[in-house]
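A short write-up of the structure that comes next.
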Amino acid sequence: MLMVVFIALLFTSSSCKKKKEREKWKLPTDVSFKMDINRTVTSGGNLAFTGGTIILGSFTFDGKRSQADDVFFVNNYSGLSINFDPNSPVAALDFDIPQGTYSKISVSFQTYGNAGDDHIVVTGTYKNSVTDSIYPLRFEFEAMEFYTVISKDASGSSEIILDESVASTATITLDPVFWFQTISTSALDNATLVNVNGVPTILITDAKNEDIFDLVIDRVDDATEVVFD
């Protein structure tokens with residue numbers, strides 16, 4: 001009889017332990033996302049990217065956990081306008097996500113807009129290598145674009161630990177430095193200047209400075225990063 005009671009207690013204890021373990025991995029942690037651009041000065045110090053905006057139509061989180069079920073969710077937006085900012089998390093991209101050790105976190109997002117809308121705008125400055133004149137630079141991209149990025153932590157590892165007691169921030173970084181990597185100094189020096197709000201500007205769209213635009217858009221969906229701090 002005592003043996004039966006002991007076995008029953010052992011089974012109950014084990015069941016309670018497993019239940020607590022399952023409940024533990026349901027506890028959420030606060031994860032916020034920022035969106036920014038690579039601001040490294042390029043083209044011999046003449047080209048600098050300083051800001052811009054992106055309009056989102058959807059955001060997807062797909063995480064693989066070793067201790068518990070995987071985590072997947074999609075948020076849709078009817079045009080979420082986000083300023084590129086290295087310091088401010090996006091309020092609409094703040095989520096409660098179950099804690100755990102994630103072997104892989106994939107983040108996907110799609111731009112949003114109607115014909116004629118600027119889905120992505122990147123602004124900066126360019127110093128003409130011949131005249132030393134500095135002009136504003138503005139790149140406008142109107143087509144819908146879909147991005148899928150495997151996240152990493154600050155050390156470069158794809159294994160990411162989310163702890164319910166510690167809020168996490170991830171930065172999504174688009175890379176106009178990479179986009180413009182194939183654009184020669186000569187092409188930028190000789191780009192057509194367009195009057196934008198009364199200021200001569202290197203405006204790059206599908207209708208202005210098309211030769212530069214065509215080269216840039218071939219790379220606009222590459223080199224994006226998502227890094228968890």
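The chains in the structure tokens are called A, B, ... from first to last as shown; in each chain the residues are counted from 1, and the ligands are counted from 1 in the order shown.
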
Which residues, written as a PyMOL selection string, have at least one atom at most 12 Å from Val41 (chain A), with only C-alpha atoms counted and residues fewer than 5 positions away on the same chain left out?
chain A and resi 46-50+124-127+175-178+180-181

Wanna dump the region 117-194 of chain A-region 68-91 of chain A contacts at 9 Å for me, each residue with its shortest atom pair and the distance in Å to one decimal, counting only C-alpha atoms, ordered by chain and number, as a tab-separated table?
residue	atom	partner	partner_atom	distance
A:His119	CA	A:Ser81	CA	8.9
A:Val122	CA	A:Phe84	CA	8.7
A:Thr169	CA	A:Pro89	CA	7.8
A:Ala170	CA	A:Pro89	CA	8.6
A:Thr171	CA	A:Pro86	CA	7.7
A:Thr173	CA	A:Phe84	CA	8.7

Go ahead and dump the residues you just picked, all heavy atoms, as a PDB file, in the first residue's frame.
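New file out-v1.pdb:
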ATOM      1  N   HIS A 119       6.667  53.780 -51.349  1.00  0.00           N
ATOM      2  CA  HIS A 119       6.734  52.727 -50.341  1.00  0.00           C
ATOM      3  C   HIS A 119       7.988  52.866 -49.482  1.00  0.00           C
ATOM      4  O   HIS A 119       7.970  52.577 -48.285  1.00  0.00           O
ATOM      5  CB  HIS A 119       6.739  51.355 -51.014  1.00  0.00           C
ATOM      6  CG  HIS A 119       5.501  51.068 -51.804  1.00  0.00           C
ATOM      7  ND1 HIS A 119       5.154  51.764 -52.926  1.00  0.00           N
ATOM      8  CD2 HIS A 119       4.530  50.132 -51.637  1.00  0.00           C
ATOM      9  CE1 HIS A 119       4.029  51.283 -53.418  1.00  0.00           C
ATOM     10  NE2 HIS A 119       3.628  50.288 -52.659  1.00  0.00           N
ATOM     11  N   VAL A 122      14.476  57.129 -49.080  1.00  0.00           N
ATOM     12  CA  VAL A 122      15.746  57.294 -48.364  1.00  0.00           C
ATOM     13  C   VAL A 122      16.327  58.651 -48.748  1.00  0.00           C
ATOM     14  O   VAL A 122      16.398  58.988 -49.926  1.00  0.00           O
ATOM     15  CB  VAL A 122      16.744  56.172 -48.720  1.00  0.00           C
ATOM     16  CG1 VAL A 122      18.111  56.453 -48.070  1.00  0.00           C
ATOM     17  CG2 VAL A 122      16.218  54.823 -48.245  1.00  0.00           C
ATOM     18  N   THR A 169      14.943  44.463 -27.561  1.00  0.00           N
ATOM     19  CA  THR A 169      14.747  45.350 -28.703  1.00  0.00           C
ATOM     20  C   THR A 169      15.515  44.791 -29.893  1.00  0.00           C
ATOM     21  O   THR A 169      16.669  44.380 -29.763  1.00  0.00           O
ATOM     22  CB  THR A 169      15.242  46.773 -28.397  1.00  0.00           C
ATOM     23  OG1 THR A 169      14.534  47.298 -27.271  1.00  0.00           O
ATOM     24  CG2 THR A 169      15.021  47.694 -29.601  1.00  0.00           C
ATOM     25  N   ALA A 170      14.863  44.770 -31.031  1.00  0.00           N
ATOM     26  CA  ALA A 170      15.511  44.337 -32.270  1.00  0.00           C
ATOM     27  C   ALA A 170      15.489  45.497 -33.257  1.00  0.00           C
ATOM     28  O   ALA A 170      14.517  46.245 -33.333  1.00  0.00           O
ATOM     29  CB  ALA A 170      14.787  43.134 -32.864  1.00  0.00           C
ATOM     30  N   THR A 171      16.568  45.649 -34.002  1.00  0.00           N
ATOM     31  CA  THR A 171      16.659  46.713 -35.006  1.00  0.00           C
ATOM     32  C   THR A 171      16.682  46.109 -36.401  1.00  0.00           C
ATOM     33  O   THR A 171      17.536  45.270 -36.711  1.00  0.00           O
ATOM     34  CB  THR A 171      17.918  47.569 -34.792  1.00  0.00           C
ATOM     35  OG1 THR A 171      17.898  48.134 -33.477  1.00  0.00           O
ATOM     36  CG2 THR A 171      17.972  48.705 -35.812  1.00  0.00           C
ATOM     37  N   THR A 173      17.471  46.849 -40.116  1.00  0.00           N
ATOM     38  CA  THR A 173      18.292  47.838 -40.819  1.00  0.00           C
ATOM     39  C   THR A 173      18.317  47.552 -42.311  1.00  0.00           C
ATOM     40  O   THR A 173      18.797  46.509 -42.753  1.00  0.00           O
ATOM     41  CB  THR A 173      19.736  47.834 -40.273  1.00  0.00           C
ATOM     42  OG1 THR A 173      19.717  48.056 -38.855  1.00  0.00           O
ATOM     43  CG2 THR A 173      20.549  48.945 -40.931  1.00  0.00           C
TER      44      THR A 173
END

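The two atoms in question, CA of Asp96 (chain A) and CA of Gln110 (chain A), are spaced 21.0 Å apart.
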
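For the choices A:Asn38, A:Ser151, A:Asn195, A:Asn190, the atom-to-atom distance to Arg138 (chain A) is smallest for A:Asn195 when using only C-alpha atoms.
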
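If only C-alpha atoms are the atoms counted, then among A:Asp229, A:Phe139, A:Ile161, A:Arg65 the closest residue to Asn209 (chain A) is A:Phe139.
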
Considering only strand (DSSP E) as DSSP defines it on the backbone, what residues of region 79-129 of chain A qualify? List them as a VMD selection string.
chain A and resid 79 to 83 94 to 98 100 to 111 120 to 127

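Proximity to Thr101 (chain A) was assessed for A:Ala191, A:Val166, A:Ile160, A:Val227 counting only C-alpha atoms; the smallest distance is recorded for A:Ile160.
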
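Distance-wise, CA of Asp62 (chain A) and CA of Ser106 (chain A) end up 5.1 Å apart.
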
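Of the residues in region 12-177 of chain A, those that DSSP places in helix (DSSP H, G or I) on the basis of the backbone are Thr12, Ser13, Ser14, Ser15, Cys16, Lys17, Lys18, Lys19, Lys20, Glu21, Arg22, Glu23, Lys24, Ala91, Ala92, Leu93, Pro176 and Val177 of chain A.
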
Atom pair CA of Leu93 (chain A) / CA of Phe33 (chain A): separation (Å):
5.6 Å

Can you pull out the residues contacting Gln99 (chain A)? Cut-off 12 Å, using only C-alpha atoms, and skip same-chain residues under 4 positions away; I want them as a list in words.
Arg22, Glu23, Lys24, Trp25, Lys26, Leu27, Pro28, Thr29, Asp30, Val31, Gly63, Lys64, Arg65, Ser66, Gln67, Ala68, Asp69, Asp70, Val71, Phe95, Ile160, Ile161, Leu162, Asp163, Glu164, Ser165, Val166, Ala167 and Ser168 of chain A

Preceding selection exported with C-alpha atoms as a tab-separated table (two decimals), in the first residue's frame:
chain	number	residue	atom	x	y	z
A	22	ARG	CA	4.96	24.09	-20.00
A	23	GLU	CA	3.43	27.14	-18.33
A	24	LYS	CA	6.88	28.72	-17.98
A	25	TRP	CA	7.41	28.79	-21.72
A	26	LYS	CA	4.05	30.47	-22.24
A	27	LEU	CA	5.18	33.51	-20.26
A	28	PRO	CA	5.66	36.45	-22.63
A	29	THR	CA	8.44	38.95	-22.84
A	30	ASP	CA	8.19	42.43	-24.34
A	31	VAL	CA	9.94	42.67	-27.72
A	63	GLY	CA	10.40	31.62	-34.30
A	64	LYS	CA	11.69	28.10	-33.65
A	65	ARG	CA	12.10	27.15	-29.95
A	66	SER	CA	13.94	24.18	-28.50
A	67	GLN	CA	11.97	24.00	-25.22
A	68	ALA	CA	8.41	24.48	-26.46
A	69	ASP	CA	6.14	25.08	-29.43
A	70	ASP	CA	7.25	27.36	-32.20
A	71	VAL	CA	5.86	30.91	-32.33
A	95	PHE	CA	4.82	42.56	-29.18
A	160	ILE	CA	18.43	34.27	-29.58
A	161	ILE	CA	17.32	34.09	-25.95
A	162	LEU	CA	14.12	35.90	-24.97
A	163	ASP	CA	13.68	36.16	-21.20
A	164	GLU	CA	10.33	37.20	-19.70
A	165	SER	CA	12.14	39.28	-17.08
A	166	VAL	CA	14.12	41.29	-19.64
A	167	ALA	CA	12.57	43.43	-22.39
A	168	SER	CA	14.26	43.00	-25.78

From A:Leu215, A:Val220, A:Ile134, A:Leu174, residue lying nearest Leu193 (chain A) [only C-alpha atoms]:
A:Ile134

Please identify all polymer residues within 9 Å of Asp117 (chain A), counting only C-alpha atoms, omitting same-chain residues fewer than 4 positions from it, and present them as an MDAnalysis selection string.
chainID A and resid 112:113 141:143

How would the residues just chosen look if you wrote them out with C-alpha atoms as a PDB file, in the first residue's frame?
ATOM      1  CA  TYR A 112       2.368  48.844 -48.745  1.00  0.00           C
ATOM      2  CA  GLY A 113       0.807  51.413 -51.017  1.00  0.00           C
ATOM      3  CA  PHE A 141      10.791  53.517 -54.499  1.00  0.00           C
ATOM      4  CA  GLU A 142       7.124  53.012 -55.388  1.00  0.00           C
ATOM      5  CA  ALA A 143       6.849  49.245 -55.955  1.00  0.00           C
TER       6      ALA A 143
END

With distances taken over only C-alpha atoms, which residue among A:Ser58, A:Thr201, A:Ser155, A:Thr192 lies nearest Phe109 (chain A)?
A:Ser58

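Counting only C-alpha atoms, the residue from A:Val149, A:Ile172, A:Glu140, A:Asn197 that sits nearest to Phe213 (chain A) is A:Glu140.
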